[in-house]
$ cat entry_1.cif   # mmCIF, C-alpha atoms and all ligand atoms
data_data
#
loop_
_atom_site.group_PDB
_atom_site.id
_atom_site.type_symbol
_atom_site.label_atom_id
_atom_site.label_comp_id
_atom_site.auth_asym_id
_atom_site.auth_seq_id
_atom_site.Cartn_x
_atom_site.Cartn_y
_atom_site.Cartn_z
ATOM 1 C CA MET N 291 -37.525 -73.994 -14.788
ATOM 2 C CA ARG N 292 -41.229 -74.003 -15.635
ATOM 3 C CA PHE N 293 -42.757 -72.203 -18.561
ATOM 4 C CA LEU N 294 -45.938 -70.256 -18.835
ATOM 5 C CA ASN N 295 -47.502 -68.667 -21.856
ATOM 6 C CA LEU N 296 -48.805 -65.377 -20.697
ATOM 7 C CA HIS N 297 -50.449 -62.340 -22.057
ATOM 8 C CA ALA N 298 -48.724 -59.397 -20.494
ATOM 9 C CA PRO N 299 -51.215 -56.553 -20.189
ATOM 10 C CA GLY N 300 -49.982 -53.850 -17.730
ATOM 11 C CA GLN N 301 -51.068 -50.209 -17.927
ATOM 12 C CA TRP N 302 -48.132 -49.411 -20.163
ATOM 13 C CA LEU N 303 -49.357 -51.770 -22.836
ATOM 14 C CA ALA N 304 -53.040 -50.894 -22.683
ATOM 15 C CA PRO N 305 -53.116 -48.305 -25.517
ATOM 16 C CA PHE N 306 -50.984 -50.420 -27.818
ATOM 17 C CA LEU N 307 -53.742 -52.236 -29.642
ATOM 18 C CA CYS N 308 -51.442 -53.343 -32.437
ATOM 19 C CA VAL N 309 -49.610 -55.679 -30.096
ATOM 20 C CA LEU N 310 -51.605 -58.873 -30.234
ATOM 21 C CA ALA N 311 -50.711 -61.430 -27.640
ATOM 22 C CA LEU N 312 -51.490 -65.022 -26.856
ATOM 23 C CA TRP N 313 -53.353 -65.740 -23.688
ATOM 24 C CA LEU N 314 -53.046 -69.045 -21.942
ATOM 25 C CA THR N 315 -54.107 -69.686 -18.385
ATOM 26 C CA PRO N 316 -51.108 -69.585 -16.055
ATOM 27 C CA THR N 317 -50.411 -72.944 -14.464
ATOM 28 C CA LEU N 318 -48.094 -71.582 -11.819
ATOM 29 C CA ALA N 319 -50.096 -70.278 -8.897
ATOM 30 C CA GLY N 320 -48.985 -67.005 -7.353
ATOM 31 C CA SER N 321 -46.599 -66.036 -10.155
ATOM 32 C CA GLN N 322 -46.829 -62.462 -11.451
ATOM 33 C CA SER N 323 -47.079 -62.180 -15.207
ATOM 34 C CA PRO N 324 -44.411 -59.868 -16.627
ATOM 35 C CA ALA N 325 -45.750 -56.871 -18.567
ATOM 36 C CA VAL N 326 -44.102 -56.489 -21.967
ATOM 37 C CA SER N 327 -44.434 -53.399 -24.153
ATOM 38 C CA LEU N 328 -42.861 -52.059 -27.329
ATOM 39 C CA ASN N 329 -42.056 -48.487 -28.326
ATOM 40 C CA PRO N 330 -42.901 -47.502 -31.088
ATOM 41 C CA ALA N 331 -46.096 -49.528 -30.633
ATOM 42 C CA VAL N 332 -46.760 -49.893 -34.359
ATOM 43 C CA VAL N 333 -43.869 -52.039 -35.579
ATOM 44 C CA GLU N 334 -42.706 -51.406 -39.144
ATOM 45 C CA ALA N 335 -39.934 -52.940 -41.234
ATOM 46 C CA GLY N 336 -36.846 -50.847 -40.409
ATOM 47 C CA SER N 337 -38.141 -49.710 -37.026
ATOM 48 C CA PRO N 338 -35.971 -49.611 -33.891
ATOM 49 C CA GLU N 339 -37.909 -50.998 -30.921
ATOM 50 C CA LEU N 340 -37.414 -50.377 -27.228
ATOM 51 C CA ILE N 341 -38.749 -53.472 -25.494
ATOM 52 C CA ARG N 342 -39.683 -53.001 -21.852
ATOM 53 C CA VAL N 343 -40.356 -55.838 -19.437
ATOM 54 C CA GLU N 344 -41.821 -55.149 -16.041
ATOM 55 C CA ALA N 345 -41.383 -57.978 -13.567
ATOM 56 C CA SER N 346 -40.204 -58.177 -9.975
ATOM 57 C CA GLY N 347 -37.710 -60.579 -8.433
ATOM 58 C CA VAL N 348 -36.083 -61.189 -11.805
ATOM 59 C CA THR N 349 -32.666 -62.829 -11.903
ATOM 60 C CA LYS N 350 -32.282 -63.121 -15.670
ATOM 61 C CA ILE N 351 -34.138 -62.211 -18.862
ATOM 62 C CA GLU N 352 -33.486 -63.643 -22.296
ATOM 63 C CA GLY N 353 -35.297 -63.128 -25.543
ATOM 64 C CA GLU N 354 -35.438 -63.873 -29.226
ATOM 65 C CA TRP N 355 -37.145 -62.084 -32.078
ATOM 66 C CA MET N 356 -36.940 -62.853 -35.788
ATOM 67 C CA GLY N 357 -33.794 -64.952 -35.370
ATOM 68 C CA ARG N 358 -31.959 -62.336 -33.320
ATOM 69 C CA LYS N 359 -31.045 -62.573 -29.658
ATOM 70 C CA LEU N 360 -32.474 -59.883 -27.387
ATOM 71 C CA GLU N 361 -30.092 -58.717 -24.688
ATOM 72 C CA PHE N 362 -31.766 -57.030 -21.737
ATOM 73 C CA PHE N 363 -30.378 -54.562 -19.231
ATOM 74 C CA ARG N 364 -31.859 -53.255 -16.009
ATOM 75 C CA GLY N 365 -33.602 -49.864 -16.116
ATOM 76 C CA HIS N 366 -33.639 -47.182 -13.432
ATOM 77 C CA GLY N 367 -36.666 -48.790 -11.799
ATOM 78 C CA ARG N 368 -35.870 -51.996 -9.895
ATOM 79 C CA ALA N 369 -38.563 -53.993 -11.626
ATOM 80 C CA GLU N 370 -37.986 -52.874 -15.221
ATOM 81 C CA TRP N 371 -35.734 -54.306 -17.901
ATOM 82 C CA PHE N 372 -35.084 -53.056 -21.428
ATOM 83 C CA ALA N 373 -33.725 -54.269 -24.749
ATOM 84 C CA LEU N 374 -33.004 -51.808 -27.562
ATOM 85 C CA ALA N 375 -33.706 -53.887 -30.640
ATOM 86 C CA GLY N 376 -35.387 -53.494 -34.024
ATOM 87 C CA VAL N 377 -36.702 -54.941 -37.263
ATOM 88 C CA ASP N 378 -34.489 -55.025 -40.351
ATOM 89 C CA VAL N 379 -35.550 -52.813 -43.272
ATOM 90 C CA GLU N 380 -35.817 -55.973 -45.416
ATOM 91 C CA ALA N 381 -37.727 -58.053 -42.827
ATOM 92 C CA PRO N 382 -40.864 -59.784 -44.132
ATOM 93 C CA THR N 383 -44.114 -58.145 -43.114
ATOM 94 C CA GLY N 384 -46.816 -60.130 -41.291
ATOM 95 C CA LEU N 385 -46.861 -61.777 -37.898
ATOM 96 C CA SER N 386 -43.620 -62.359 -36.008
ATOM 97 C CA ILE N 387 -43.125 -64.178 -32.714
ATOM 98 C CA LEU N 388 -41.396 -62.380 -29.863
ATOM 99 C CA LYS N 389 -40.177 -64.767 -27.150
ATOM 100 C CA ILE N 390 -39.061 -63.556 -23.746
ATOM 101 C CA THR N 391 -37.922 -65.856 -20.953
ATOM 102 C CA VAL N 392 -37.995 -64.367 -17.478
ATOM 103 C CA GLU N 393 -36.260 -66.210 -14.665
ATOM 104 C CA GLU N 394 -37.519 -65.223 -11.269
ATOM 105 C CA ASP N 395 -36.328 -66.176 -7.797
ATOM 106 C CA THR N 396 -38.783 -69.008 -7.579
ATOM 107 C CA ALA N 397 -39.823 -69.836 -11.125
ATOM 108 C CA GLY N 398 -39.642 -68.951 -14.785
ATOM 109 C CA ASN N 399 -42.022 -67.476 -17.330
ATOM 110 C CA LEU N 400 -41.999 -67.712 -21.089
ATOM 111 C CA VAL N 401 -43.870 -64.841 -22.687
ATOM 112 C CA GLN N 402 -44.741 -65.329 -26.344
ATOM 113 C CA MET N 403 -46.276 -62.444 -28.237
ATOM 114 C CA GLN N 404 -47.380 -62.194 -31.843
ATOM 115 C CA ILE N 405 -46.118 -58.897 -33.178
ATOM 116 C CA PRO N 406 -47.424 -57.757 -36.578
ATOM 117 C CA ILE N 407 -44.705 -56.227 -38.772
ATOM 118 C CA HIS N 408 -46.227 -53.502 -40.954
ATOM 119 C CA PRO N 409 -44.777 -52.374 -44.301
ATOM 120 C CA ALA N 410 -43.189 -48.920 -44.171
ATOM 121 C CA HIS N 411 -43.826 -47.942 -47.852
ATOM 122 C CA TYR N 412 -40.362 -46.847 -48.942
ATOM 123 C CA ARG N 413 -39.876 -45.020 -52.278
ATOM 124 C CA THR N 414 -37.907 -46.062 -55.379
ATOM 125 C CA GLU N 415 -35.493 -43.700 -57.142
ATOM 126 C CA SER N 416 -32.928 -43.772 -59.959
ATOM 127 C CA LEU N 417 -29.395 -42.385 -59.629
ATOM 128 C CA SER N 418 -26.273 -41.971 -61.756
ATOM 129 C CA VAL N 419 -22.843 -42.688 -60.273
ATOM 130 C CA ALA N 420 -19.332 -43.334 -61.666
ATOM 131 C CA PRO N 421 -19.348 -46.694 -63.565
ATOM 132 C CA GLY N 422 -16.696 -48.148 -61.223
ATOM 133 C CA PHE N 423 -19.177 -48.164 -58.355
ATOM 134 C CA VAL N 424 -21.743 -50.215 -60.304
ATOM 135 C CA SER N 425 -19.368 -52.636 -62.038
ATOM 136 C CA PRO N 426 -16.174 -52.671 -59.929
ATOM 137 C CA GLY N 427 -13.040 -54.071 -61.659
ATOM 138 C CA PRO N 428 -11.075 -57.100 -60.350
ATOM 139 C CA LYS N 429 -8.817 -54.972 -58.115
ATOM 140 C CA ALA N 430 -11.798 -53.198 -56.549
ATOM 141 C CA LEU N 431 -13.653 -56.508 -56.091
ATOM 142 C CA LYS N 432 -10.663 -57.865 -54.157
ATOM 143 C CA GLN N 433 -10.630 -54.744 -51.969
ATOM 144 C CA ILE N 434 -14.416 -54.973 -51.371
ATOM 145 C CA ALA N 435 -14.108 -58.666 -50.389
ATOM 146 C CA SER N 436 -11.353 -57.987 -47.855
ATOM 147 C CA GLU N 437 -13.294 -55.009 -46.447
ATOM 148 C CA ASN N 438 -16.404 -57.191 -46.072
ATOM 149 C CA GLU N 439 -14.338 -59.692 -44.095
ATOM 150 C CA PHE N 440 -12.983 -56.913 -41.873
ATOM 151 C CA LYS N 441 -16.449 -55.413 -41.281
ATOM 152 C CA ALA N 442 -17.899 -58.837 -40.412
ATOM 153 C CA LYS N 443 -15.196 -59.213 -37.740
ATOM 154 C CA VAL N 444 -15.789 -55.699 -36.374
ATOM 155 C CA PHE N 445 -19.572 -56.059 -36.106
ATOM 156 C CA ALA N 446 -19.372 -59.565 -34.598
ATOM 157 C CA VAL N 447 -18.124 -58.060 -31.321
ATOM 158 C CA SER N 448 -20.051 -55.606 -29.151
ATOM 159 C CA ALA N 449 -19.766 -54.489 -25.526
ATOM 160 C CA PRO N 450 -21.729 -56.779 -23.127
ATOM 161 C CA GLN N 451 -23.565 -53.784 -21.630
ATOM 162 C CA PRO N 452 -25.135 -50.644 -23.124
ATOM 163 C CA LEU N 453 -22.562 -47.875 -23.613
ATOM 164 C CA TRP N 454 -25.150 -45.288 -24.639
ATOM 165 C CA ALA N 455 -26.879 -42.905 -22.246
ATOM 166 C CA ALA N 456 -30.121 -40.978 -22.828
ATOM 167 C CA SER N 457 -31.588 -40.291 -26.280
ATOM 168 C CA PHE N 458 -29.584 -40.359 -29.524
ATOM 169 C CA ARG N 459 -28.745 -37.028 -31.184
ATOM 170 C CA ALA N 460 -28.377 -36.163 -34.865
ATOM 171 C CA PRO N 461 -24.715 -36.422 -35.940
ATOM 172 C CA VAL N 462 -24.689 -33.125 -37.879
ATOM 173 C CA THR N 463 -26.414 -29.767 -37.886
ATOM 174 C CA ALA N 464 -27.803 -30.190 -41.385
ATOM 175 C CA GLN N 465 -31.118 -30.970 -43.028
ATOM 176 C CA PRO N 466 -31.997 -34.672 -42.898
ATOM 177 C CA THR N 467 -33.603 -36.279 -45.947
ATOM 178 C CA ASP N 468 -36.358 -38.875 -46.012
ATOM 179 C CA SER N 469 -34.021 -41.411 -47.613
ATOM 180 C CA PHE N 470 -34.021 -44.495 -45.381
ATOM 181 C CA GLY N 471 -35.330 -47.633 -47.075
ATOM 182 C CA VAL N 472 -35.467 -46.086 -50.554
ATOM 183 C CA ARG N 473 -35.016 -48.667 -53.336
ATOM 184 C CA ARG N 474 -32.241 -47.264 -55.528
ATOM 185 C CA ILE N 475 -31.521 -48.068 -59.150
ATOM 186 C CA PHE N 476 -27.928 -47.097 -60.005
ATOM 187 C CA ASN N 477 -27.263 -46.291 -63.675
ATOM 188 C CA GLY N 478 -30.403 -48.185 -64.604
ATOM 189 C CA LYS N 479 -28.917 -51.504 -63.419
ATOM 190 C CA LEU N 480 -27.982 -52.286 -59.873
ATOM 191 C CA ALA N 481 -30.782 -52.180 -57.341
ATOM 192 C CA SER N 482 -29.997 -51.637 -53.671
ATOM 193 C CA ILE N 483 -31.858 -50.561 -50.584
ATOM 194 C CA HIS N 484 -30.649 -47.374 -48.926
ATOM 195 C CA LYS N 485 -29.955 -48.497 -45.361
ATOM 196 C CA GLY N 486 -29.194 -45.163 -43.779
ATOM 197 C CA MET N 487 -30.250 -41.550 -43.587
ATOM 198 C CA ASP N 488 -28.608 -38.843 -45.693
ATOM 199 C CA PHE N 489 -28.054 -35.388 -44.249
ATOM 200 C CA ARG N 490 -27.480 -32.482 -46.650
ATOM 201 C CA ALA N 491 -24.155 -31.559 -45.046
ATOM 202 C CA ALA N 492 -21.719 -29.352 -46.993
ATOM 203 C CA LYS N 493 -18.129 -30.620 -47.134
ATOM 204 C CA GLY N 494 -16.336 -29.804 -43.872
ATOM 205 C CA THR N 495 -19.383 -29.923 -41.560
ATOM 206 C CA PRO N 496 -18.407 -31.403 -38.157
ATOM 207 C CA VAL N 497 -19.810 -34.929 -37.696
ATOM 208 C CA ARG N 498 -20.465 -35.887 -34.094
ATOM 209 C CA ALA N 499 -21.120 -39.022 -32.059
ATOM 210 C CA GLY N 500 -24.894 -39.579 -31.813
ATOM 211 C CA ASN N 501 -24.362 -41.179 -28.412
ATOM 212 C CA SER N 502 -21.533 -42.491 -26.248
ATOM 213 C CA GLY N 503 -19.615 -45.637 -27.150
ATOM 214 C CA VAL N 504 -16.332 -46.969 -28.536
ATOM 215 C CA VAL N 505 -14.991 -46.302 -32.049
ATOM 216 C CA VAL N 506 -14.557 -49.752 -33.595
ATOM 217 C CA LEU N 507 -13.888 -48.686 -37.191
ATOM 218 C CA ALA N 508 -12.224 -45.496 -38.440
ATOM 219 C CA ARG N 509 -10.742 -45.940 -41.910
ATOM 220 C CA PRO N 510 -11.374 -45.463 -45.643
ATOM 221 C CA LEU N 511 -13.535 -48.111 -47.362
ATOM 222 C CA TYR N 512 -14.484 -48.591 -51.035
ATOM 223 C CA TYR N 513 -18.221 -47.802 -50.922
ATOM 224 C CA GLU N 514 -18.434 -46.019 -47.561
ATOM 225 C CA GLY N 515 -15.453 -43.724 -48.150
ATOM 226 C CA ASN N 516 -13.916 -42.462 -44.890
ATOM 227 C CA CYS N 517 -16.066 -44.280 -42.366
ATOM 228 C CA VAL N 518 -16.431 -44.200 -38.574
ATOM 229 C CA ALA N 519 -18.434 -46.846 -36.685
ATOM 230 C CA ILE N 520 -19.279 -46.600 -32.984
ATOM 231 C CA ASP N 521 -20.224 -49.574 -30.821
ATOM 232 C CA HIS N 522 -22.984 -48.534 -28.396
ATOM 233 C CA GLY N 523 -23.088 -51.986 -26.768
ATOM 234 C CA LEU N 524 -25.406 -55.010 -26.956
ATOM 235 C CA GLY N 525 -25.045 -55.212 -30.749
ATOM 236 C CA LEU N 526 -26.001 -51.597 -31.538
ATOM 237 C CA PHE N 527 -23.740 -49.530 -33.820
ATOM 238 C CA THR N 528 -23.976 -46.183 -35.643
ATOM 239 C CA LEU N 529 -21.964 -45.517 -38.801
ATOM 240 C CA SER N 530 -20.945 -42.215 -40.400
ATOM 241 C CA MET N 531 -19.827 -42.410 -44.034
ATOM 242 C CA HIS N 532 -18.252 -40.367 -46.858
ATOM 243 C CA LEU N 533 -16.248 -38.182 -44.439
ATOM 244 C CA SER N 534 -13.562 -35.832 -45.829
ATOM 245 C CA ARG N 535 -11.541 -36.279 -42.638
ATOM 246 C CA ILE N 536 -11.499 -38.721 -39.705
ATOM 247 C CA ASP N 537 -10.592 -37.268 -36.288
ATOM 248 C CA VAL N 538 -10.868 -40.399 -34.090
ATOM 249 C CA GLN N 539 -9.027 -43.682 -33.810
ATOM 250 C CA GLU N 540 -10.186 -47.272 -33.547
ATOM 251 C CA GLY N 541 -10.489 -48.213 -29.858
ATOM 252 C CA GLN N 542 -11.205 -44.641 -28.717
ATOM 253 C CA ARG N 543 -14.083 -43.987 -26.282
ATOM 254 C CA VAL N 544 -16.383 -41.159 -27.346
ATOM 255 C CA ALA N 545 -19.129 -39.218 -25.586
ATOM 256 C CA THR N 546 -22.326 -37.873 -27.161
ATOM 257 C CA GLY N 547 -21.454 -34.886 -29.338
ATOM 258 C CA ASP N 548 -17.717 -35.643 -29.646
ATOM 259 C CA ARG N 549 -16.395 -34.790 -33.103
ATOM 260 C CA LEU N 550 -15.679 -37.861 -35.234
ATOM 261 C CA GLY N 551 -14.511 -35.973 -38.322
ATOM 262 C CA LEU N 552 -15.757 -33.741 -41.112
ATOM 263 C CA SER N 553 -18.397 -34.557 -43.720
ATOM 264 C CA GLY N 554 -17.388 -34.970 -47.330
ATOM 265 C CA ALA N 555 -17.925 -36.881 -50.563
ATOM 266 C CA THR N 556 -15.651 -39.938 -50.368
ATOM 267 C CA GLY N 557 -16.777 -43.432 -51.513
ATOM 268 C CA ARG N 558 -19.907 -44.114 -53.617
ATOM 269 C CA VAL N 559 -21.596 -40.710 -53.679
ATOM 270 C CA THR N 560 -23.243 -38.288 -56.081
ATOM 271 C CA GLY N 561 -22.129 -35.289 -54.000
ATOM 272 C CA PRO N 562 -21.161 -34.211 -50.469
ATOM 273 C CA HIS N 563 -23.467 -35.467 -47.716
ATOM 274 C CA LEU N 564 -23.387 -37.470 -44.519
ATOM 275 C CA HIS N 565 -24.775 -41.005 -44.644
ATOM 276 C CA TRP N 566 -25.655 -42.096 -41.121
ATOM 277 C CA ALA N 567 -26.643 -45.715 -40.465
ATOM 278 C CA VAL N 568 -27.971 -47.579 -37.419
ATOM 279 C CA ARG N 569 -27.204 -51.270 -37.183
ATOM 280 C CA TRP N 570 -28.427 -53.714 -34.557
ATOM 281 C CA GLN N 571 -27.236 -57.336 -34.783
ATOM 282 C CA GLY N 572 -26.933 -57.031 -38.561
ATOM 283 C CA ALA N 573 -30.361 -55.400 -38.961
ATOM 284 C CA TYR N 574 -30.446 -51.893 -40.458
ATOM 285 C CA LEU N 575 -32.852 -49.568 -38.640
ATOM 286 C CA ASP N 576 -34.328 -46.173 -39.506
ATOM 287 C CA PRO N 577 -32.098 -43.507 -37.887
ATOM 288 C CA ALA N 578 -34.980 -40.976 -37.896
ATOM 289 C CA LYS N 579 -37.004 -43.330 -35.696
ATOM 290 C CA LEU N 580 -34.055 -43.884 -33.340
ATOM 291 C CA LEU N 581 -33.690 -40.091 -32.993
ATOM 292 C CA ARG N 582 -37.398 -39.827 -32.122
ATOM 293 C CA LEU N 583 -37.151 -42.498 -29.418
ATOM 294 C CA ASP N 584 -37.096 -40.876 -25.977
ATOM 295 C CA LEU N 585 -34.500 -42.842 -24.019
ATOM 296 C CA SER N 586 -33.895 -40.210 -21.313
ATOM 297 C CA ALA N 587 -35.798 -42.167 -18.677
ATOM 298 C CA VAL N 588 -34.262 -45.508 -19.660
ATOM 299 C CA ARG N 589 -30.599 -44.961 -18.749
HETATM 300 ZN ZN ZN N 601 -26.726 -42.514 -48.084
#
$ encode --input "entry_1.cif" --output "structure tokens"
Amino acid sequence: MRFLNLHAPGQWLAPFLCVLALWLTPTLAGSQSPAVSLNPAVVEAGSPELIRVEASGVTKIEGEWMGRKLEFFRGHGRAEWFALAGVDVEAPTGLSILKITVEEDTAGNLVQMQIPIHPAHYRTESLSVAPGFVSPGPKALKQIASENEFKAKVFAVSAPQPLWAASFRAPVTAQPTDSFGVRRIFNGKLASIHKGMDFRAAKGTPVRAGNSGVVVLARPLYYEGNCVAIDHGLGLFTLSMHLSRIDVQEGQRVATGDRLGLSGATGRVTGPHLHWAVRWQGAYLDPAKLLRLDLSAVR
């Protein structure tokens, strides 16, 4: 396989001035440079990113971005490939390198792009919760440790193809809050970053699958309370927390809009609400931005 460093312009990319790219003269005569574009075009810490590669005669595409493997799938168009990826809320800002290797029938291309990661300016707030959630006792610490082990096992496995179809939908009919990425000080001590989106859902509000997938976790946990996690494939999961009731089982396939349970106030909470999180390969992404991403033409 031979490598090229190519700028990938394409009409799709033209308006996206924030995507800086390296340009090196192709050394392989006759090879078409793949066009690479990102949506949203301005990449912020915590942002989900739909990466589109346009190239014909492709047999395989691989990629890597900020230490995470990009897994591509074929789009509706014969010459387009996608990866639904993202930048962790705690990712450092500044330039990042996006590497994409395209294997074609006759040759291979390595596309390297410099993608600037912009800060997203998240707020800081102070909260009061029950003391046990800030300084858990020895019994709780043991429970938390075993739950962490279980969660690590659950999130290490994901379907080898996308299980989602079309755009993601909000999991509840309730007012969302601008709470993703907020730096939280609990009882004046513990600082944590809020890695999900809170919906003001009264106890008993039906919580639904934001997209199709497989339920990989449906059980009570110390911090999360009654929690349901759905695998949407290729490392992408959504999590619904603090439920008053769980209506699905681990291993169950769900379609968009299927009821997962009812909202509530279990786990570390200050009152009833739904905490909805989006996780991709261990990175926590802004659910509001995933909901805004139009995926209807993708698959
Ligand atoms: Zn929350």
$ resolve_selection --input "entry_1.cif" --expression "the PyMOL selection byres (((chain N and resi 489) around 7) and not hetatm)" --output "ChimeraX atom specification"
/N:464-467,487-488,490-491,563-565
$ closest_atom_pairs --input "entry_1.cif" --of "chain N" --to "ligand ZN 601 (chain N)" --cutoff "12 Å" --atoms "only C-alpha atoms and all ligand atoms" --output "Markdown table"
| residue | atom | partner | partner_atom | distance |
| --- | --- | --- | --- | --- |
| N:Leu417 | CA | N:ZN601 | ZN | 11.9 |
| N:Pro466 | CA | N:ZN601 | ZN | 10.8 |
| N:Thr467 | CA | N:ZN601 | ZN | 9.5 |
| N:Asp468 | CA | N:ZN601 | ZN | 10.5 |
| N:Ser469 | CA | N:ZN601 | ZN | 7.4 |
| N:Phe470 | CA | N:ZN601 | ZN | 8.0 |
| N:Gly471 | CA | N:ZN601 | ZN | 10.1 |
| N:Val472 | CA | N:ZN601 | ZN | 9.8 |
| N:Arg473 | CA | N:ZN601 | ZN | 11.6 |
| N:Arg474 | CA | N:ZN601 | ZN | 10.4 |
| N:Ser482 | CA | N:ZN601 | ZN | 11.2 |
| N:Ile483 | CA | N:ZN601 | ZN | 9.9 |
| N:His484 | CA | N:ZN601 | ZN | 6.3 |
| N:Lys485 | CA | N:ZN601 | ZN | 7.3 |
| N:Gly486 | CA | N:ZN601 | ZN | 5.6 |
| N:Met487 | CA | N:ZN601 | ZN | 5.8 |
| N:Asp488 | CA | N:ZN601 | ZN | 4.8 |
| N:Phe489 | CA | N:ZN601 | ZN | 8.2 |
| N:Arg490 | CA | N:ZN601 | ZN | 10.2 |
| N:Ala491 | CA | N:ZN601 | ZN | 11.7 |
| N:Tyr513 | CA | N:ZN601 | ZN | 10.4 |
| N:Glu514 | CA | N:ZN601 | ZN | 9.0 |
| N:Gly515 | CA | N:ZN601 | ZN | 11.3 |
| N:Leu529 | CA | N:ZN601 | ZN | 10.9 |
| N:Ser530 | CA | N:ZN601 | ZN | 9.6 |
| N:Met531 | CA | N:ZN601 | ZN | 8.0 |
| N:His532 | CA | N:ZN601 | ZN | 8.8 |
| N:Leu533 | CA | N:ZN601 | ZN | 11.9 |
| N:Ala555 | CA | N:ZN601 | ZN | 10.7 |
| N:Thr556 | CA | N:ZN601 | ZN | 11.6 |
| N:Gly557 | CA | N:ZN601 | ZN | 10.6 |
| N:Arg558 | CA | N:ZN601 | ZN | 8.9 |
| N:Val559 | CA | N:ZN601 | ZN | 7.8 |
| N:Thr560 | CA | N:ZN601 | ZN | 9.7 |
| N:Gly561 | CA | N:ZN601 | ZN | 10.4 |
| N:Pro562 | CA | N:ZN601 | ZN | 10.3 |
| N:His563 | CA | N:ZN601 | ZN | 7.8 |
| N:Leu564 | CA | N:ZN601 | ZN | 7.0 |
| N:His565 | CA | N:ZN601 | ZN | 4.2 |
| N:Trp566 | CA | N:ZN601 | ZN | 7.1 |
| N:Ala567 | CA | N:ZN601 | ZN | 8.3 |
| N:Val568 | CA | N:ZN601 | ZN | 11.9 |
| N:Pro577 | CA | N:ZN601 | ZN | 11.6 |
$ closest_residue --input "entry_1.cif" --among "N:Ile390, N:Val444, N:Leu550, N:Met356" --to "N:Phe527" --atoms "all atoms listed in the file"
N:Val444
$ atom_distance --input "entry_1.cif" --atom1 "atom CA of N:Ala587" --atom2 "atom CA of N:Thr349"
22.0 Å
$ resolve_selection --input "entry_1.cif" --expression "the PyMOL selection byres (((chain N and resi 509) around 10) and not hetatm)" --output "MDAnalysis selection string"
chainID N and resid 506:508 510:511 514:519 531 533 535:536 538:540
$ resolve_selection --input "entry_1.cif" --expression "the PyMOL selection byres (((chain N and resi 383) around 8) and not hetatm)" --output "list in words"
Glu334, Ala335, Ala381, Pro382, Gly384, Leu385, Pro406, Ile407, His408 and Pro409 of chain N
$ atom_distance --input "entry_1.cif" --atom1 "atom CA of N:Arg569" --atom2 "atom CA of N:Arg549"
20.1 Å
$ axis_aligned_box --input "entry_1.cif" --around "stretch 509-518 of chain N" --padding-each-side "6 Å" --output "JSON"
{"center_x": -14.6, "center_y": -45.5, "center_z": -44.8, "size_x": 19.7, "size_y": 18.1, "size_z": 24.5}
$ closest_residue --input "entry_1.cif" --among "N:Val343, N:Ala499, N:Ile520, N:Ala435" --to "N:Val326" --atoms "all atoms listed in the file"
N:Val343
$ closest_residue --input "entry_1.cif" --among "N:Gly353, N:Lys441, N:Arg413, N:Leu585" --to "N:Lys389" --atoms "all atoms listed in the file"
N:Gly353
$ residues_around --input "entry_1.cif" --residues "N:Glu354" --least-positions-apart "5" --cutoff "9 Å" --atoms "only C-alpha atoms" --output "PyMOL selection string"
chain N and resi 359-361+387-391
$ closest_residue --input "entry_1.cif" --among "N:Gly478, N:Ala492, N:Ser327, N:Gln402" --to "N:Pro421" --atoms "only C-alpha atoms"
N:Gly478
$ atom_distance --input "entry_1.cif" --atom1 "atom CA of N:Thr495" --atom2 "atom CA of N:Glu415"
26.3 Å
$ residues_near_point --input "entry_1.cif" --point "(-45.4, -52.1, -35.0)" --cutoff "10 Å" --atoms "only C-alpha atoms" --output "list of chain:residue names"
N:Phe306, N:Leu307, N:Cys308, N:Val309, N:Leu328, N:Asn329, N:Pro330, N:Ala331, N:Val332, N:Val333, N:Glu334, N:Ala335, N:Ser337, N:Pro338, N:Glu339, N:Val377, N:Ile405, N:Pro406, N:Ile407, N:His408, N:Pro409, N:Ala410
$ closest_residue --input "entry_1.cif" --among "N:Gly525, N:Pro324, N:Gln542, N:Gly422" --to "N:Ala449" --atoms "only C-alpha atoms"
N:Gly525
$ residues_near_point --input "entry_1.cif" --point "(-22.1, -49.3, -20.6)" --cutoff "9 Å" --atoms "all atoms listed in the file" --output "VMD selection string"
chain N and resid 449 to 455 502 to 503 522 to 523
